[in-house]
Amino acid sequence: MSAPLGKDLLGLEHLSAEQISLILDTAEPLREISERAIKKVPTLRGATVVNLFFEASTRTRISFEFAEKRLSADTVNVATAASSVAKGETLVDTAKNLEAMKIDMVVIRHASSGAARFLAERIESNVINAGDGTHEHPTQGLLDMLTLRRKFGTLRGKRICIVGDVLHSRVARSNIWGLTKLGAEVAVCGPRSLLPNAMAEFGVQIFDRVEQAIEWADALNVLRLQLERMQSGYIPSLREYNRVFGITQERLDRAPRDLVIMHPGPMNRGVEIDSDVADGPHSVILDQVTNGVAVRMAVLYLLAGNAPALAEAAKGGDRQ
Amino acid sequence: MTEHRDIMLRGGRLLDPSSQLDGVGDLLIRAGKVEAFGGNLGTPDGAQVIDCAGPVVSPGFIDVHCHLREPGREDVETILTGARAAAAGGFTAVCAMPNTDPVTDNQAAVGFVLKQGRAAGAARVYPIGAISIGQKGERLAEFGEMVHAGAVAVSDDGKPVVSAQLMRTALEYARTFGIPVADHCEEPTLAAGGAMHEGYVSARLGLKGIPAEAEEIMAIRDILLARLTGGHVHLCHMSTKGSVELIRWGKERGIPVTAEACPHHLSLTEAMVEGYNTNAKMNPPLRTAVDVEAVQQAVKDGTIDVIATDHAPHHNDEKQREFSDAPNGIVGLETALAVNVTWLVKSNIIPLATLVERMSCAPARLFNLPGGTLRRGAVADITVFDPDQAWTVDPAGFLTKGRNTPYGGRILHGRVGCTLVDGRIVYQRMG
Amino acid sequence: MADEIVERADGSEDLVLVGIQRRGVQLAERLGRVIATREGVNVPRGALDITLYRDDLQTVGPRPIVGKTEIPWAIDGKTVCIVDDVLYTGRTIRAALDELADFGRPARIMLAVLVDRGGRELPIHADVVGRVIDVPRGGRVDVCVTELDGRDEVTMVIAGEET
């Protein structure tokens, strides 16, 4: 209560450690709802949430939809192909149209960095960033953190290495901000052609060899390698990527400790991660999926009603 | 044309680096020429007297790099609105880049720009012709015919000349006509898809960056081709520390290279992009504080010869976009003087005389244009401005159609009082 | 109170104690222990956080912290006794009834509170009451339990003055 989130969730970079902890602490008890026979609470009854997906996504959209429905919100899914966006309507017009339909919250996924903020600045509704370009994917960062926190008890002092295409990864950015704020040590490892030139300025360690990363880390967050990176010449081949950077059981066997393995999905088995690792005893990849729903419920719950107009109205009715 | 009436600019600080003039005095304009200057001139009968006590009287500013959008995008700017905005910014002449639709790549197109410029009756408008037909970077445009029709330089600005061979030929061919070849330095494969300067800010914001090297590689290529050909290469909107070092290297060796920098690259950094501010999106992008300082020093020591605006109006709808989709460019004609005074003169980097040299004398000299001097007999293109006057930038009050400026709401120093072209007042600020 | 609960529930056999977060949970735990001593039966205990069922979420400003809900066994056919510290408007109990309904269909639901301060806004009453205190609107009753607050105490605040 000491650290309200404000109107929108656009990224983790500008959140405080208290705000991030609040979300994780709220997500924790919400996990239980998904275990019930009746997986639904009336919290967001009557609220309308639009899932505005300008980029193909199955997991994130479904996860948000579950979260919304378990909180009893009414949801509308707008995907690019089905909307007027394909007809050349601008994001501004789309936003104004949504607003005119009296919606309460928008979950937006967009290929342009900054698109979520762009929308948030132009509509009164709460905006949740479900991934904007190569900028941030805050709910993914939060669910990764919740998963690690549940595994380790705390993030403080834990060593997390993000492996792969950090350059194009919004997941990596949200992870770096969130994890460092909660006291974890963060490193990245990947081909230099897939790391930002200014990587060191993020205050993270850089490992050129995945073997070094494995020796150092308590957990690995293995990023998905977009297959088009090879076509656009960032790496010579997927085969070589697997040979040099792939997370294999053989490599993990040489680690001084058992490493927790995470992956935001969808996985390219045999490229960035081998199946025996992904399905192995230290993989928390499915926990991530479970925690994703809880984290998104927490965000929806914490943001709902934080619109300025409602906050104004709220000043009237306080009760014990 | 109406008869010229004598104009007496009374009691201003006459500041003209081209004739080492800096002192309080009167300046008499007759028949479109500087008739006389000095302390206490008598006022001829019927002369219009403008009290310039306090302000500076300098040769009119000349912008060698602006985009007036006509023909093709008259909704965004016309030669008329652009020339009026120029006059309001103290510019007595501007050079219009050829990246219009259609491209100014032939004598008829050059003639059109000139005709519209004359009709505007504000700042003079000089066309710059394209280097290649359609700015496609393939075949040379007809420099000779364009120069004959009134073009003062050639450029494919907006795009780099990708082919080194084409650039070489352009530099060689341009020598025949004594015009500079102005290049937009950008190595296209390094800059592809870039939306801002490549660095920590771009990495944080998740925007594809344009490395400083994309500019520097082309700058040194052009300098080396100027060495090879002896042709005058003019490097547009130089924005990095590396670029000015390379230009310095070229000049030290007597290579015929000149360069310009823009007010925004002399005042703002990549940090302006924070929050995905599309009014901070331009090409070349805003760079780091280190770059800004290096370019400022280059303006001071003359490595950068001229300050040009790269005035690039865009429709508000186009700027109200996702950052990566928004067009590059900002308007600059009406803020250039104040930005330069505020960031360069008020902060004691250069004296006012150097600013007048970079904004007026040097552009006239390098592009062989009339003006740029207050010498007796010179064309009376004159700017009267008060370097100390503070004002708040209000884009809504601009004469340009563009509102895309990163300086909106800022308090700047230096304001134009009056602009004279050919001995006639083309702009006078009210109140 | 424990005796009264058992009596009203017709024995401790099918009885389940569900405390409302927070403080109701500790009270339910203590009542459970008393019942265990007296009756020799360990009555199952659960916790209910009603935050997500509140009817004023759209107006309370900053979101209240969500506590833990733990109903680890089926409540169908049981006698559920809801335990809370203070009964006031009745809205919390309304929310608790809604939430319980999502876990199953008890044979009967009872309510036990430590303090009934009056001021009901809904047709709800407690079956077992520790103490009735009349507190005017605007006043406040604070129950402290050792487990959370380091002491057992009931304080009443009327218009800012402690009594």
# chains A, B, ... in the order shown; residues from 1 in each chain; ligands from 1
>>> residues_around(residues="region 72-83 of chain B", least_positions_apart="5", cutoff="7 Å", atoms="only C-alpha atoms", output="JSON, numbers by chain")
{"B": [100, 101, 102, 116, 117, 120, 122, 123, 125, 313, 314, 315, 399, 400, 401, 402]}
>>> select_by_dssp(residues="region 54-136 of chain C", states="helix (DSSP H, G or I)", output="JSON, numbers by chain")
{"C": [91, 92, 93, 94, 95, 96, 97, 98, 99, 100, 101]}
>>> residues_around(residues="region 143-148 of chain C", least_positions_apart="2", cutoff="9 Å", atoms="only C-alpha atoms", output="PyMOL selection string")
chain C and resi 22-23+26-27+85-86+114-115+141+150-156
>>> interface_residues(of="chain A", to="chain B", cutoff="9 Å", atoms="only C-alpha atoms", output="NGL selection string")
:A and (13 or 90-92 or 112-115 or 117-118 or 132-136 or 167-170 or 173 or 196-202)
>>> atom_distance(atom1="CA of Val295 (chain B)", atom2="CA of Ile350 (chain B)")
12.2 Å
>>> closest_residue(among="A:Ala116, A:Asp74, A:Val49, A:Ala298", to="chain C", atoms="only C-alpha atoms")
A:Ala298
>>> closest_residue(among="C:Glu39, C:Asp10, C:Glu70, C:Asp127", to="chain A", atoms="only C-alpha atoms")
C:Glu70
>>> interface_residues(of="chain C", to="chain A", cutoff="9 Å", atoms="only C-alpha atoms", output="JSON, numbers by chain")
{"C": [51, 52, 53, 54, 55, 56, 57, 58, 59, 60, 61, 62, 63, 64, 65, 66, 67, 68, 69, 70, 88, 89, 99, 102, 103, 104, 138, 140]}
>>> write_last_selection(atoms="C-alpha atoms", output="PDB file, in the first residue's frame")
ATOM      1  CA  THR C  51     -10.001  -8.844  -0.321  1.00  0.00           C
ATOM      2  CA  LEU C  52     -10.803 -10.047  -3.816  1.00  0.00           C
ATOM      3  CA  TYR C  53     -14.489 -10.281  -2.869  1.00  0.00           C
ATOM      4  CA  ARG C  54     -14.848  -6.791  -1.439  1.00  0.00           C
ATOM      5  CA  ASP C  55     -17.647  -4.695  -2.879  1.00  0.00           C
ATOM      6  CA  ASP C  56     -15.714  -1.446  -2.608  1.00  0.00           C
ATOM      7  CA  LEU C  57     -12.622  -2.262  -4.696  1.00  0.00           C
ATOM      8  CA  GLN C  58     -13.458   0.301  -7.330  1.00  0.00           C
ATOM      9  CA  THR C  59     -13.391   3.069  -4.746  1.00  0.00           C
ATOM     10  CA  VAL C  60     -10.777   2.306  -2.106  1.00  0.00           C
ATOM     11  CA  GLY C  61      -7.852   3.961  -3.855  1.00  0.00           C
ATOM     12  CA  PRO C  62      -4.604   2.070  -3.328  1.00  0.00           C
ATOM     13  CA  ARG C  63      -5.242  -1.647  -3.569  1.00  0.00           C
ATOM     14  CA  PRO C  64      -5.409  -3.479  -0.241  1.00  0.00           C
ATOM     15  CA  ILE C  65      -2.796  -6.165   0.299  1.00  0.00           C
ATOM     16  CA  VAL C  66      -4.086  -9.592  -0.603  1.00  0.00           C
ATOM     17  CA  GLY C  67      -3.608 -12.216   2.107  1.00  0.00           C
ATOM     18  CA  LYS C  68      -3.565 -15.951   1.912  1.00  0.00           C
ATOM     19  CA  THR C  69      -6.640 -18.121   1.503  1.00  0.00           C
ATOM     20  CA  GLU C  70      -6.250 -21.700   2.659  1.00  0.00           C
ATOM     21  CA  TYR C  88     -19.309  -3.996  12.058  1.00  0.00           C
ATOM     22  CA  THR C  89     -21.106  -3.295   8.771  1.00  0.00           C
ATOM     23  CA  GLU C  99     -15.986 -16.761  -1.196  1.00  0.00           C
ATOM     24  CA  ASP C 102     -16.817 -20.888  -4.353  1.00  0.00           C
ATOM     25  CA  PHE C 103     -15.211 -23.660  -2.306  1.00  0.00           C
ATOM     26  CA  GLY C 104     -18.285 -25.805  -1.894  1.00  0.00           C
ATOM     27  CA  GLY C 138     -16.647   7.188  13.095  1.00  0.00           C
ATOM     28  CA  ARG C 140     -12.911   2.374  15.741  1.00  0.00           C
TER      29      ARG C 140
END
